[in-house]
>>> print(open('protein.csv').read())   # CSV, C-alpha atoms
chain,number,residue,atom,x,y,z
O,1,MET,CA,111.2,226.5,106.3
O,2,GLN,CA,113.6,229.2,105.3
O,3,ALA,CA,113.6,232.6,106.9
O,4,PRO,CA,110.5,233.4,109.0
O,5,GLY,CA,107.5,233.5,106.6
O,6,ALA,CA,109.3,231.8,103.8
O,7,ALA,CA,109.6,228.2,102.6
O,8,LEU,CA,111.0,226.1,99.8
O,9,TRP,CA,108.4,224.5,97.5
O,10,GLN,CA,109.1,221.7,95.1
O,11,ARG,CA,106.4,221.6,92.4
O,12,PHE,CA,106.0,218.8,90.0
O,13,TYR,CA,106.3,219.1,86.2
O,14,GLU,CA,103.1,218.9,84.3
O,15,SER,CA,101.6,215.6,83.4
O,16,ASP,CA,101.7,214.2,79.9
O,17,GLY,CA,97.9,213.9,80.1
O,18,ASP,CA,97.9,210.2,80.6
O,19,HIS,CA,99.8,210.0,83.9
O,20,PRO,CA,99.9,212.2,87.0
O,21,PRO,CA,102.9,214.5,87.3
O,22,THR,CA,105.7,212.6,89.0
O,23,ILE,CA,109.0,214.3,87.9
O,24,PRO,CA,110.0,216.9,90.5
O,25,ALA,CA,110.9,220.4,89.5
O,26,PRO,CA,113.7,222.3,91.2
O,27,PRO,CA,112.5,223.9,94.4
O,28,VAL,CA,111.8,227.6,94.6
O,29,GLU,CA,111.7,230.0,97.6
O,30,CYS,CA,108.2,231.2,98.4
O,31,VAL,CA,106.7,233.7,100.8
O,32,LEU,CA,104.0,232.2,103.0
O,33,ARG,CA,100.6,233.7,103.5
O,34,PRO,CA,100.1,235.3,106.9
O,35,PRO,CA,99.2,233.0,109.9
O,36,SER,CA,95.6,234.2,109.8
O,37,TYR,CA,95.1,232.4,106.4
O,38,PHE,CA,96.2,229.1,108.0
O,39,GLU,CA,94.1,229.7,111.1
O,40,SER,CA,91.0,230.3,109.0
O,41,CYS,CA,91.8,227.1,107.0
O,42,LEU,CA,91.7,225.1,110.3
O,43,THR,CA,88.3,226.4,111.1
O,44,SER,CA,86.7,226.6,107.6
O,45,GLY,CA,87.6,223.2,106.2
O,46,ASP,CA,87.9,224.8,102.8
O,47,PRO,CA,89.3,222.2,100.3
O,48,ALA,CA,91.4,224.9,98.7
O,49,CYS,CA,93.5,225.1,101.9
O,50,SER,CA,94.9,221.6,101.2
O,51,ARG,CA,96.5,222.7,97.9
O,52,PRO,CA,100.1,224.0,98.4
O,53,GLU,CA,99.8,226.4,95.5
O,54,ASN,CA,97.4,228.4,97.7
O,55,TRP,CA,99.7,228.6,100.7
O,56,PHE,CA,102.0,231.3,99.2
O,57,VAL,CA,101.8,235.0,98.4
O,58,SER,CA,104.6,234.8,95.9
O,59,CYS,CA,107.4,232.5,94.7
O,60,SER,CA,110.7,233.4,93.1
O,61,ASP,CA,111.2,232.6,89.4
O,62,ALA,CA,114.7,231.3,90.0
O,63,PRO,CA,115.0,227.7,91.2
O,64,ILE,CA,117.1,226.8,94.2
O,65,THR,CA,120.0,224.8,92.8
O,66,THR,CA,122.0,224.2,96.1
O,67,CYS,CA,120.8,222.9,99.4
O,68,PRO,CA,120.4,225.7,101.9
>>> encode(input="protein.csv", output="structure tokens")
Amino acid sequence: MQAPGAALWQRFYESDGDHPPTIPAPPVECVLRPPSYFESCLTSGDPACSRPENWFVSCSDAPITTCP
């Protein structure tokens, strides 16, 4: 976690098609969805909730290049 409501997210580069993505991309700072989203995930069991790309409202375009 970064500031309240923010987190660093390290995505993975795209796969070459034959292998899963394994090379990490530089982390970016993202703004988390509100707590109500995560609370509804706990009760709904929606599989989309397990994908980190759905956890954020927005992410910065600039990668974080130094450890916070």
>>> atom_distance(input="protein.csv", atom1="CA of Ala25 in chain O", atom2="CA of Arg51 in chain O")
16.8 Å
>>> atom_distance(input="protein.csv", atom1="CA of Glu39 in chain O", atom2="CA of Asn54 in chain O")
13.9 Å
>>> closest_residue(input="protein.csv", among="O:Pro52, O:Asp46, O:Ala6, O:Val57", to="Glu29 in chain O", atoms="only C-alpha atoms")
O:Ala6
>>> atom_distance(input="protein.csv", atom1="CA of Ser36 in chain O", atom2="CA of Ala62 in chain O")
27.7 Å
>>> residues_around(input="protein.csv", residues="Pro35 in chain O", least_positions_apart="3", cutoff="12 Å", atoms="only C-alpha atoms", output="tab-separated table (two decimals) with C-alpha atoms, keeping the file's coordinate frame")
chain	number	residue	atom	x	y	z
O	4	PRO	CA	110.50	233.40	109.00
O	5	GLY	CA	107.50	233.50	106.60
O	6	ALA	CA	109.30	231.80	103.80
O	31	VAL	CA	106.70	233.70	100.80
O	32	LEU	CA	104.00	232.20	103.00
O	38	PHE	CA	96.20	229.10	108.00
O	39	GLU	CA	94.10	229.70	111.10
O	40	SER	CA	91.00	230.30	109.00
O	41	CYS	CA	91.80	227.10	107.00
O	42	LEU	CA	91.70	225.10	110.30
O	55	TRP	CA	99.70	228.60	100.70
O	56	PHE	CA	102.00	231.30	99.20
O	57	VAL	CA	101.80	235.00	98.40
>>> closest_residue(input="protein.csv", among="O:Ser58, O:Ser50, O:Gln10, O:Gly45", to="Val28 in chain O", atoms="all atoms listed in the file")
O:Gln10
